[in-house]
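As stored in model.pdb (PDB, C-alpha atoms):
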```
ATOM      1  CA  MET A  62     -10.573 -16.929 -62.304  1.00  0.00           C
ATOM      2  CA  THR A  63      -6.914 -16.586 -63.252  1.00  0.00           C
ATOM      3  CA  SER A  64      -6.325 -17.256 -66.920  1.00  0.00           C
ATOM      4  CA  VAL A  65      -3.554 -19.705 -67.809  1.00  0.00           C
ATOM      5  CA  LYS A  66      -1.247 -18.480 -70.546  1.00  0.00           C
ATOM      6  CA  VAL A  67      -0.877 -20.737 -73.557  1.00  0.00           C
ATOM      7  CA  ALA A  68       2.655 -20.853 -74.992  1.00  0.00           C
ATOM      8  CA  GLN A  69       2.836 -20.026 -78.682  1.00  0.00           C
ATOM      9  CA  ILE A  70       5.419 -21.850 -80.791  1.00  0.00           C
ATOM     10  CA  GLY A  71       6.130 -21.123 -84.438  1.00  0.00           C
ATOM     11  CA  ILE A  72       7.272 -23.768 -86.908  1.00  0.00           C
ATOM     12  CA  VAL A  73       9.431 -22.764 -89.852  1.00  0.00           C
ATOM     13  CA  ALA A  74      10.106 -25.755 -92.101  1.00  0.00           C
ATOM     14  CA  GLY A  75      11.729 -25.954 -95.493  1.00  0.00           C
ATOM     15  CA  ASP A  76       9.291 -28.660 -96.584  1.00  0.00           C
ATOM     16  CA  PRO A  77       5.496 -28.130 -96.264  1.00  0.00           C
ATOM     17  CA  LEU A  78       5.028 -31.810 -95.392  1.00  0.00           C
ATOM     18  CA  ARG A  79       7.514 -31.484 -92.528  1.00  0.00           C
ATOM     19  CA  SER A  80       5.566 -28.493 -91.293  1.00  0.00           C
ATOM     20  CA  VAL A  81       2.292 -30.451 -91.324  1.00  0.00           C
ATOM     21  CA  GLY A  82       3.952 -33.369 -89.538  1.00  0.00           C
ATOM     22  CA  LEU A  83       5.440 -31.179 -86.802  1.00  0.00           C
ATOM     23  CA  LEU A  84       2.105 -29.441 -86.258  1.00  0.00           C
ATOM     24  CA  ALA A  85       0.457 -32.840 -85.819  1.00  0.00           C
ATOM     25  CA  ILE A  86       3.119 -33.932 -83.315  1.00  0.00           C
ATOM     26  CA  LEU A  87       2.716 -30.820 -81.171  1.00  0.00           C
ATOM     27  CA  GLU A  88      -1.065 -30.346 -81.380  1.00  0.00           C
ATOM     28  CA  ASP A  89      -1.823 -32.590 -78.385  1.00  0.00           C
ATOM     29  CA  MET A  90       0.661 -30.936 -76.023  1.00  0.00           C
ATOM     30  CA  PRO A  91      -1.205 -29.177 -73.207  1.00  0.00           C
ATOM     31  CA  MET A  92      -0.933 -25.401 -72.878  1.00  0.00           C
ATOM     32  CA  LEU A  93       0.803 -25.133 -76.242  1.00  0.00           C
ATOM     33  CA  ARG A  94      -0.388 -23.731 -79.541  1.00  0.00           C
ATOM     34  CA  ALA A  95       1.750 -24.371 -82.627  1.00  0.00           C
ATOM     35  CA  GLN A  96       1.471 -22.510 -85.908  1.00  0.00           C
ATOM     36  CA  ALA A  97       3.247 -22.797 -89.243  1.00  0.00           C
ATOM     37  CA  LEU A  98       5.172 -19.705 -90.328  1.00  0.00           C
ATOM     38  CA  ASP A  99       7.250 -18.574 -93.279  1.00  0.00           C
ATOM     39  CA  TRP A 100      10.420 -16.523 -92.974  1.00  0.00           C
ATOM     40  CA  ASP A 101       8.659 -13.163 -93.088  1.00  0.00           C
ATOM     41  CA  THR A 102       5.991 -14.004 -90.523  1.00  0.00           C
ATOM     42  CA  ALA A 103       8.603 -15.687 -88.335  1.00  0.00           C
ATOM     43  CA  PHE A 104      10.240 -12.325 -87.704  1.00  0.00           C
ATOM     44  CA  GLU A 105       6.983 -10.377 -87.512  1.00  0.00           C
ATOM     45  CA  THR A 106       4.776 -12.632 -85.361  1.00  0.00           C
ATOM     46  CA  ASP A 107       4.450 -11.396 -81.791  1.00  0.00           C
ATOM     47  CA  ASP A 108       4.091 -13.429 -78.596  1.00  0.00           C
ATOM     48  CA  LEU A 109       6.106 -16.443 -79.766  1.00  0.00           C
ATOM     49  CA  ALA A 110       7.584 -18.245 -76.785  1.00  0.00           C
ATOM     50  CA  ALA A 111       9.640 -20.472 -79.071  1.00  0.00           C
ATOM     51  CA  MET A 112      10.418 -21.303 -82.674  1.00  0.00           C
ATOM     52  CA  LEU A 113      11.120 -24.748 -84.111  1.00  0.00           C
ATOM     53  CA  LEU A 114      13.443 -24.107 -87.025  1.00  0.00           C
ATOM     54  CA  ASP A 115      13.444 -27.106 -89.375  1.00  0.00           C
ATOM     55  CA  VAL A 116      15.320 -25.957 -92.454  1.00  0.00           C
ATOM     56  CA  ARG A 117      18.155 -27.372 -94.519  1.00  0.00           C
ATOM     57  CA  LEU A 118      21.017 -24.964 -93.949  1.00  0.00           C
ATOM     58  CA  GLY A 119      24.738 -25.400 -93.822  1.00  0.00           C
ATOM     59  CA  LEU A 120      26.205 -25.110 -90.335  1.00  0.00           C
ATOM     60  CA  GLY A 121      27.514 -21.584 -90.917  1.00  0.00           C
ATOM     61  CA  ASP A 122      24.203 -20.343 -92.327  1.00  0.00           C
ATOM     62  CA  LEU A 123      22.279 -22.025 -89.482  1.00  0.00           C
ATOM     63  CA  ILE A 124      24.435 -20.343 -86.844  1.00  0.00           C
ATOM     64  CA  GLU A 125      24.074 -16.979 -88.603  1.00  0.00           C
ATOM     65  CA  THR A 126      20.279 -17.416 -88.757  1.00  0.00           C
ATOM     66  CA  ILE A 127      20.066 -18.283 -85.057  1.00  0.00           C
ATOM     67  CA  GLN A 128      22.198 -15.285 -84.162  1.00  0.00           C
ATOM     68  CA  ARG A 129      19.897 -13.031 -86.197  1.00  0.00           C
ATOM     69  CA  LEU A 130      16.808 -14.462 -84.504  1.00  0.00           C
ATOM     70  CA  ARG A 131      18.390 -13.939 -81.101  1.00  0.00           C
ATOM     71  CA  ARG A 132      19.229 -10.316 -81.946  1.00  0.00           C
ATOM     72  CA  GLU A 133      15.781  -9.468 -83.303  1.00  0.00           C
ATOM     73  CA  ARG A 134      13.703 -11.687 -80.965  1.00  0.00           C
ATOM     74  CA  PRO A 135      15.773 -12.069 -77.781  1.00  0.00           C
ATOM     75  CA  GLU A 136      12.758 -13.212 -75.758  1.00  0.00           C
ATOM     76  CA  MET A 137      12.066 -16.130 -78.099  1.00  0.00           C
ATOM     77  CA  LYS A 138      13.653 -19.563 -77.564  1.00  0.00           C
ATOM     78  CA  VAL A 139      14.962 -21.261 -80.725  1.00  0.00           C
ATOM     79  CA  ILE A 140      15.051 -25.028 -81.281  1.00  0.00           C
ATOM     80  CA  ALA A 141      16.912 -26.026 -84.441  1.00  0.00           C
ATOM     81  CA  MET A 142      16.407 -29.238 -86.402  1.00  0.00           C
ATOM     82  CA  GLY A 143      18.613 -30.621 -89.119  1.00  0.00           C
ATOM     83  CA  VAL A 144      21.043 -33.299 -90.130  1.00  0.00           C
ATOM     84  CA  PRO A 145      22.834 -35.193 -87.338  1.00  0.00           C
ATOM     85  CA  LEU A 146      25.856 -33.168 -86.209  1.00  0.00           C
ATOM     86  CA  GLU A 147      29.005 -33.907 -84.284  1.00  0.00           C
ATOM     87  CA  PRO A 148      28.900 -32.850 -80.608  1.00  0.00           C
ATOM     88  CA  ALA A 149      31.278 -29.933 -81.248  1.00  0.00           C
ATOM     89  CA  GLN A 150      29.008 -28.681 -84.036  1.00  0.00           C
ATOM     90  CA  VAL A 151      25.907 -28.931 -81.841  1.00  0.00           C
ATOM     91  CA  GLN A 152      27.792 -27.036 -79.158  1.00  0.00           C
ATOM     92  CA  GLY A 153      28.420 -24.301 -81.740  1.00  0.00           C
ATOM     93  CA  VAL A 154      24.689 -24.111 -82.504  1.00  0.00           C
ATOM     94  CA  ILE A 155      23.878 -23.835 -78.778  1.00  0.00           C
ATOM     95  CA  GLY A 156      26.628 -21.269 -78.367  1.00  0.00           C
ATOM     96  CA  ALA A 157      25.020 -19.177 -81.114  1.00  0.00           C
ATOM     97  CA  GLY A 158      21.900 -18.882 -78.988  1.00  0.00           C
ATOM     98  CA  ALA A 159      19.741 -21.913 -79.755  1.00  0.00           C
ATOM     99  CA  LYS A 160      18.128 -23.563 -76.743  1.00  0.00           C
ATOM    100  CA  GLY A 161      17.986 -26.957 -78.401  1.00  0.00           C
ATOM    101  CA  TYR A 162      19.134 -29.059 -81.346  1.00  0.00           C
ATOM    102  CA  LEU A 163      17.239 -32.035 -82.746  1.00  0.00           C
ATOM    103  CA  ALA A 164      18.344 -34.337 -85.536  1.00  0.00           C
ATOM    104  CA  GLU A 165      15.747 -34.522 -88.307  1.00  0.00           C
ATOM    105  CA  THR A 166      15.421 -38.236 -87.461  1.00  0.00           C
ATOM    106  CA  ALA A 167      14.144 -37.435 -83.940  1.00  0.00           C
ATOM    107  CA  THR A 168      11.120 -39.407 -82.778  1.00  0.00           C
ATOM    108  CA  GLU A 169       7.787 -37.801 -81.922  1.00  0.00           C
ATOM    109  CA  ALA A 170       8.502 -38.335 -78.222  1.00  0.00           C
ATOM    110  CA  GLU A 171      11.915 -36.659 -78.513  1.00  0.00           C
ATOM    111  CA  ILE A 172      10.413 -33.651 -80.299  1.00  0.00           C
ATOM    112  CA  ARG A 173       7.717 -33.209 -77.652  1.00  0.00           C
ATOM    113  CA  MET A 174      10.246 -33.648 -74.866  1.00  0.00           C
ATOM    114  CA  ALA A 175      12.641 -31.107 -76.411  1.00  0.00           C
ATOM    115  CA  VAL A 176       9.879 -28.516 -76.722  1.00  0.00           C
ATOM    116  CA  GLU A 177       8.709 -29.113 -73.148  1.00  0.00           C
ATOM    117  CA  ILE A 178      12.232 -28.880 -71.728  1.00  0.00           C
ATOM    118  CA  VAL A 179      13.131 -25.726 -73.660  1.00  0.00           C
ATOM    119  CA  LEU A 180       9.882 -23.981 -72.698  1.00  0.00           C
ATOM    120  CA  ASP A 181      10.628 -24.984 -69.098  1.00  0.00           C
ATOM    121  CA  GLY A 182      13.885 -23.024 -69.277  1.00  0.00           C
ATOM    122  CA  SER A 183      16.383 -25.825 -69.913  1.00  0.00           C
ATOM    123  CA  VAL A 184      18.545 -26.798 -72.887  1.00  0.00           C
ATOM    124  CA  TRP A 185      17.989 -29.822 -75.123  1.00  0.00           C
ATOM    125  CA  ALA A 186      21.016 -31.389 -76.805  1.00  0.00           C
ATOM    126  CA  PRO A 187      22.847 -34.729 -76.917  1.00  0.00           C
ATOM    127  CA  ARG A 188      24.175 -35.823 -73.539  1.00  0.00           C
ATOM    128  CA  LYS A 189      27.833 -35.301 -74.483  1.00  0.00           C
ATOM    129  CA  VAL A 190      27.091 -31.709 -75.463  1.00  0.00           C
ATOM    130  CA  LEU A 191      25.169 -30.980 -72.256  1.00  0.00           C
ATOM    131  CA  ALA A 192      27.918 -32.510 -70.131  1.00  0.00           C
ATOM    132  CA  LYS A 193      30.471 -30.310 -71.900  1.00  0.00           C
ATOM    133  CA  LEU A 194      28.322 -27.196 -71.405  1.00  0.00           C
ATOM    134  CA  ILE A 195      27.966 -27.959 -67.706  1.00  0.00           C
ATOM    135  CA  GLU A 196      31.720 -28.528 -67.418  1.00  0.00           C
ATOM    136  CA  GLU A 197      32.475 -25.205 -69.133  1.00  0.00           C
ATOM    137  CA  GLY A 198      29.855 -23.298 -67.178  1.00  0.00           C
ATOM    138  CA  GLY A 199      27.312 -22.972 -69.982  1.00  0.00           C
ATOM    139  CA  VAL A 200      24.736 -24.685 -67.790  1.00  0.00           C
ATOM    140  CA  GLN A 201      25.231 -23.464 -64.249  1.00  0.00           C
ATOM    141  CA  GLY A 202      24.879 -25.551 -61.145  1.00  0.00           C
ATOM    142  CA  ALA A 203      26.629 -26.152 -57.853  1.00  0.00           C
ATOM    143  CA  PRO A 204      28.348 -29.515 -57.348  1.00  0.00           C
ATOM    144  CA  ALA A 205      26.650 -31.815 -54.911  1.00  0.00           C
ATOM    145  CA  SER A 206      28.479 -32.636 -51.680  1.00  0.00           C
ATOM    146  CA  ASP A 207      26.505 -35.869 -51.354  1.00  0.00           C
ATOM    147  CA  SER A 208      25.020 -38.258 -53.861  1.00  0.00           C
ATOM    148  CA  ILE A 209      21.810 -37.106 -55.487  1.00  0.00           C
ATOM    149  CA  ALA A 210      20.038 -40.321 -54.515  1.00  0.00           C
ATOM    150  CA  ASN A 211      20.723 -39.672 -50.831  1.00  0.00           C
ATOM    151  CA  LYS A 212      19.077 -36.253 -51.031  1.00  0.00           C
ATOM    152  CA  MET A 213      15.771 -37.587 -52.369  1.00  0.00           C
ATOM    153  CA  THR A 214      12.619 -38.555 -50.494  1.00  0.00           C
ATOM    154  CA  PRO A 215      11.022 -41.828 -51.675  1.00  0.00           C
ATOM    155  CA  ARG A 216       8.583 -39.912 -53.895  1.00  0.00           C
ATOM    156  CA  GLU A 217      11.324 -37.691 -55.309  1.00  0.00           C
ATOM    157  CA  ALA A 218      13.361 -40.801 -56.056  1.00  0.00           C
ATOM    158  CA  GLU A 219      10.422 -42.097 -58.121  1.00  0.00           C
ATOM    159  CA  VAL A 220      10.243 -38.805 -60.003  1.00  0.00           C
ATOM    160  CA  LEU A 221      14.003 -38.877 -60.596  1.00  0.00           C
ATOM    161  CA  GLN A 222      13.833 -42.452 -61.873  1.00  0.00           C
ATOM    162  CA  LEU A 223      11.192 -41.515 -64.438  1.00  0.00           C
ATOM    163  CA  LEU A 224      13.119 -38.377 -65.337  1.00  0.00           C
ATOM    164  CA  THR A 225      16.229 -40.421 -66.163  1.00  0.00           C
ATOM    165  CA  GLU A 226      14.075 -42.679 -68.327  1.00  0.00           C
ATOM    166  CA  GLY A 227      13.287 -39.664 -70.507  1.00  0.00           C
ATOM    167  CA  LYS A 228       9.707 -39.180 -69.332  1.00  0.00           C
ATOM    168  CA  SER A 229       7.893 -35.870 -69.752  1.00  0.00           C
ATOM    169  CA  ASN A 230       6.076 -34.138 -66.899  1.00  0.00           C
ATOM    170  CA  ARG A 231       2.803 -35.514 -68.225  1.00  0.00           C
ATOM    171  CA  ASP A 232       4.219 -39.053 -68.373  1.00  0.00           C
ATOM    172  CA  ILE A 233       5.564 -38.755 -64.825  1.00  0.00           C
ATOM    173  CA  ALA A 234       2.222 -37.467 -63.575  1.00  0.00           C
ATOM    174  CA  GLY A 235       0.406 -40.375 -65.205  1.00  0.00           C
ATOM    175  CA  ALA A 236       2.825 -42.984 -63.901  1.00  0.00           C
ATOM    176  CA  LEU A 237       2.600 -41.709 -60.319  1.00  0.00           C
ATOM    177  CA  ASP A 238      -1.112 -40.797 -60.438  1.00  0.00           C
ATOM    178  CA  ILE A 239      -0.492 -37.146 -59.589  1.00  0.00           C
ATOM    179  CA  ASP A 240      -1.033 -33.930 -61.541  1.00  0.00           C
ATOM    180  CA  GLU A 241       1.602 -32.021 -63.498  1.00  0.00           C
ATOM    181  CA  VAL A 242       1.601 -29.149 -61.000  1.00  0.00           C
ATOM    182  CA  THR A 243       2.702 -31.607 -58.306  1.00  0.00           C
ATOM    183  CA  VAL A 244       5.413 -32.985 -60.604  1.00  0.00           C
ATOM    184  CA  LYS A 245       6.772 -29.467 -61.136  1.00  0.00           C
ATOM    185  CA  ALA A 246       6.709 -28.848 -57.388  1.00  0.00           C
ATOM    186  CA  HIS A 247       8.725 -32.026 -56.805  1.00  0.00           C
ATOM    187  CA  LEU A 248      11.212 -31.013 -59.499  1.00  0.00           C
ATOM    188  CA  GLY A 249      11.604 -27.564 -57.973  1.00  0.00           C
ATOM    189  CA  ARG A 250      12.500 -29.043 -54.584  1.00  0.00           C
ATOM    190  CA  MET A 251      14.839 -31.565 -56.196  1.00  0.00           C
ATOM    191  CA  LEU A 252      16.712 -28.807 -58.042  1.00  0.00           C
ATOM    192  CA  ARG A 253      17.105 -26.770 -54.863  1.00  0.00           C
ATOM    193  CA  LYS A 254      18.387 -29.783 -52.915  1.00  0.00           C
ATOM    194  CA  THR A 255      21.007 -30.709 -55.510  1.00  0.00           C
ATOM    195  CA  GLY A 256      22.037 -27.252 -56.705  1.00  0.00           C
ATOM    196  CA  ALA A 257      21.201 -28.235 -60.292  1.00  0.00           C
ATOM    197  CA  SER A 258      20.038 -25.322 -62.425  1.00  0.00           C
ATOM    198  CA  ASN A 259      17.517 -27.333 -64.456  1.00  0.00           C
ATOM    199  CA  ARG A 260      16.097 -30.808 -65.050  1.00  0.00           C
ATOM    200  CA  VAL A 261      18.629 -31.626 -67.750  1.00  0.00           C
ATOM    201  CA  GLU A 262      21.572 -31.043 -65.436  1.00  0.00           C
ATOM    202  CA  LEU A 263      19.831 -32.993 -62.669  1.00  0.00           C
ATOM    203  CA  THR A 264      19.287 -35.915 -65.043  1.00  0.00           C
ATOM    204  CA  LEU A 265      22.870 -35.877 -66.308  1.00  0.00           C
ATOM    205  CA  ARG A 266      24.363 -35.782 -62.835  1.00  0.00           C
ATOM    206  CA  SER A 267      22.114 -38.591 -61.663  1.00  0.00           C
ATOM    207  CA  LEU A 268      23.035 -40.711 -64.674  1.00  0.00           C
ATOM    208  CA  ASP A 269      26.727 -40.003 -64.144  1.00  0.00           C
ATOM    209  CA  GLU A 270      26.444 -41.218 -60.561  1.00  0.00           C
ATOM    210  CA  THR A 271      24.721 -44.438 -61.554  1.00  0.00           C
ATOM    211  CA  GLY A 272      26.614 -45.047 -64.788  1.00  0.00           C
ATOM    212  CA  GLY A 273      23.393 -45.064 -66.771  1.00  0.00           C
ATOM    213  CA  LYS A 274      22.217 -43.289 -69.880  1.00  0.00           C
ATOM    214  CA  PRO A 275      18.933 -41.605 -70.864  1.00  0.00           C
ATOM    215  CA  GLY A 276      16.241 -44.189 -71.409  1.00  0.00           C
ATOM    216  CA  ASP A 277      17.774 -46.790 -69.091  1.00  0.00           C
ATOM    217  CA  VAL A 278      15.231 -48.482 -66.870  1.00  0.00           C
ATOM    218  CA  LYS A 279      16.760 -49.108 -63.475  1.00  0.00           C
ATOM    219  CA  LYS A 280      14.906 -51.381 -61.083  1.00  0.00           C
ATOM    220  CA  LYS A 281      15.613 -51.473 -57.374  1.00  0.00           C
TER     221      LYS A 281
END
```
Using the file provided, produce a representation of the structure as structure tokens.
Amino acid sequence: MTSVKVAQIGIVAGDPLRSVGLLAILEDMPMLRAQALDWDTAFETDDLAAMLLDVRLGLGDLIETIQRLRRERPEMKVIAMGVPLEPAQVQGVIGAGAKGYLAETATEAEIRMAVEIVLDGSVWAPRKVLAKLIEEGGVQGAPASDSIANKMTPREAEVLQLLTEGKSNRDIAGALDIDEVTVKAHLGRMLRKTGASNRVELTLRSLDETGGKPGDVKKK
């Protein structure tokens, strides 16, 4: 049998209670193992696919910390958490090398979704920031010559609908009574059809076409 690799994610939190809470939020995510770390073990622990950095730092110190992590652990994806920031400030955090930024007020669903999206190779940030990154080339993708909706099969349209509602792969699989492997296969074909580089860009472009926003429920 082929073994399935479990993604390791480290949690570095300034408050022990925050650390316990984040561990509890992530413990039920499939194929993911979360562990609490301190600063020393954060830099020494091997095989971390990602780090959730939940510390109270000023913007300059946060950017410097992310840059250090990226230099010393270039293979590791960093998701930062902190106080709500202006879009330009979040863009600075992403530009420093973070793959995601979450406000400390994020819901459990948003935290799980951010981790899933970052581990899947995409970027998690407020919509305005992502749109700006796409516009400036920070998130690559070819423009569509036809509307995204017209490129979708009926099943892909259902997947896209759930994607724009902010559903995770597991949620989509449950809603459509299919497995997560099939969801990923659908997403792969949808990205190739539209020229989008990842699910975030696909979602943004679809929402731009329909004038919606993440979480909107659109009924046909």
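Put simply, the PyMOL selection byres ((chain A and resi 159) around 8) on this file hits Ile127, Lys138, Val139, Ile140, Ala141, Val154, Ile155, Gly156, Ala157, Gly158, Lys160, Gly161 and Tyr162 of chain A.
Counting only C-alpha atoms, the residue from A:Leu113, A:Met90, A:Glu133, A:Glu262 that sits nearest to Asn230 in chain A is A:Met90.
Nearest residue to Gln222 in chain A, choosing from A:Thr106, A:Thr168, A:Gln150, A:Thr264 and counting only C-alpha atoms: A:Thr264.
For the set A:Met92, A:Met112, A:Leu221, A:Leu87, the residue with the smallest atom-to-atom gap to Gly249 in chain A is A:Leu221, counting only C-alpha atoms.
The smallest atom-to-atom distance between Ala246 in chain A and any of A:Glu105, A:Asp89, A:Glu147, A:Glu217, using all atoms listed in the file, is found for A:Glu217.
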Extract, using all atoms listed in the file, all DNA, RNA and protein residues at most 12 Å from Lys66 in chain A, discarding same-chain residues fewer than 5 positions from it, and format them as an MDAnalysis selection string. chainID A and resid 91:94 108:110
Let me see the file: selected residues, C-alpha atoms, as an mmCIF file, in the coordinates of the input.
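And here's part26.cif as it stands now:
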```
data_model
loop_
_atom_site.group_PDB
_atom_site.id
_atom_site.type_symbol
_atom_site.label_atom_id
_atom_site.label_comp_id
_atom_site.auth_asym_id
_atom_site.auth_seq_id
_atom_site.Cartn_x
_atom_site.Cartn_y
_atom_site.Cartn_z
ATOM 1 C CA PRO A 91 -1.205 -29.177 -73.207
ATOM 2 C CA MET A 92 -0.933 -25.401 -72.878
ATOM 3 C CA LEU A 93 0.803 -25.133 -76.242
ATOM 4 C CA ARG A 94 -0.388 -23.731 -79.541
ATOM 5 C CA ASP A 108 4.091 -13.429 -78.596
ATOM 6 C CA LEU A 109 6.106 -16.443 -79.766
ATOM 7 C CA ALA A 110 7.584 -18.245 -76.785
#
```
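Residues in contact range of Ala218 in chain A, defined as at most 12 Å between only C-alpha atoms, with sequence neighbours fewer than 3 positions away removed, read A:Ile209, A:Ala210, A:Asn211, A:Lys212, A:Met213, A:Thr214, A:Pro215, A:Leu221, A:Gln222, A:Leu223, A:Leu224, A:Thr225, A:Ile233, A:Leu237, A:His247, A:Leu248, A:Arg250, A:Met251, A:Thr264, A:Ser267, A:Lys279, A:Lys280, A:Lys281.
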Deliver the residues from the most recent selection as a file, using C-alpha atoms, as a compact mmCIF listing (two decimals), in the frame of the given file.
```txt
# COMPACT_ATOMS: atom_id res chain seq x y z
CA ILE A 209 21.81 -37.11 -55.49
CA ALA A 210 20.04 -40.32 -54.52
CA ASN A 211 20.72 -39.67 -50.83
CA LYS A 212 19.08 -36.25 -51.03
CA MET A 213 15.77 -37.59 -52.37
CA THR A 214 12.62 -38.56 -50.49
CA PRO A 215 11.02 -41.83 -51.68
CA LEU A 221 14.00 -38.88 -60.60
CA GLN A 222 13.83 -42.45 -61.87
CA LEU A 223 11.19 -41.52 -64.44
CA LEU A 224 13.12 -38.38 -65.34
CA THR A 225 16.23 -40.42 -66.16
CA ILE A 233 5.56 -38.76 -64.82
CA LEU A 237 2.60 -41.71 -60.32
CA HIS A 247 8.72 -32.03 -56.80
CA LEU A 248 11.21 -31.01 -59.50
CA ARG A 250 12.50 -29.04 -54.58
CA MET A 251 14.84 -31.56 -56.20
CA THR A 264 19.29 -35.92 -65.04
CA SER A 267 22.11 -38.59 -61.66
CA LYS A 279 16.76 -49.11 -63.48
CA LYS A 280 14.91 -51.38 -61.08
CA LYS A 281 15.61 -51.47 -57.37
```
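If you apply the PyMOL selection byres ((chain A and resi 71) around 6) to this structure, you end up with Ile70, Ile72, Ala95, Gln96, Ala97 and Met112 of chain A.
For the pair CA of Gly235 in chain A and CA of Thr271 in chain A, the separation is 24.9 Å.
One distance worth recording is that between CA of Val179 in chain A and CA of Leu114 in chain A, which is 13.5 Å.
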May I ask which of the residues A:Pro135, A:Gly256, A:Gly153, A:Gly227 is the closest one to Leu123 in chain A, counting all atoms listed in the file? A:Gly153
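Put simply, the PyMOL selection byres ((chain A and resi 115) around 10) in this file takes in Ile72, Val73, Ala74, Gly75, Asp76, Arg79, Ser80, Leu83, Met112, Leu113, Leu114, Val116, Arg117, Leu118, Ile140, Ala141, Met142, Gly143, Val144, Leu163, Ala164 and Glu165 of chain A.
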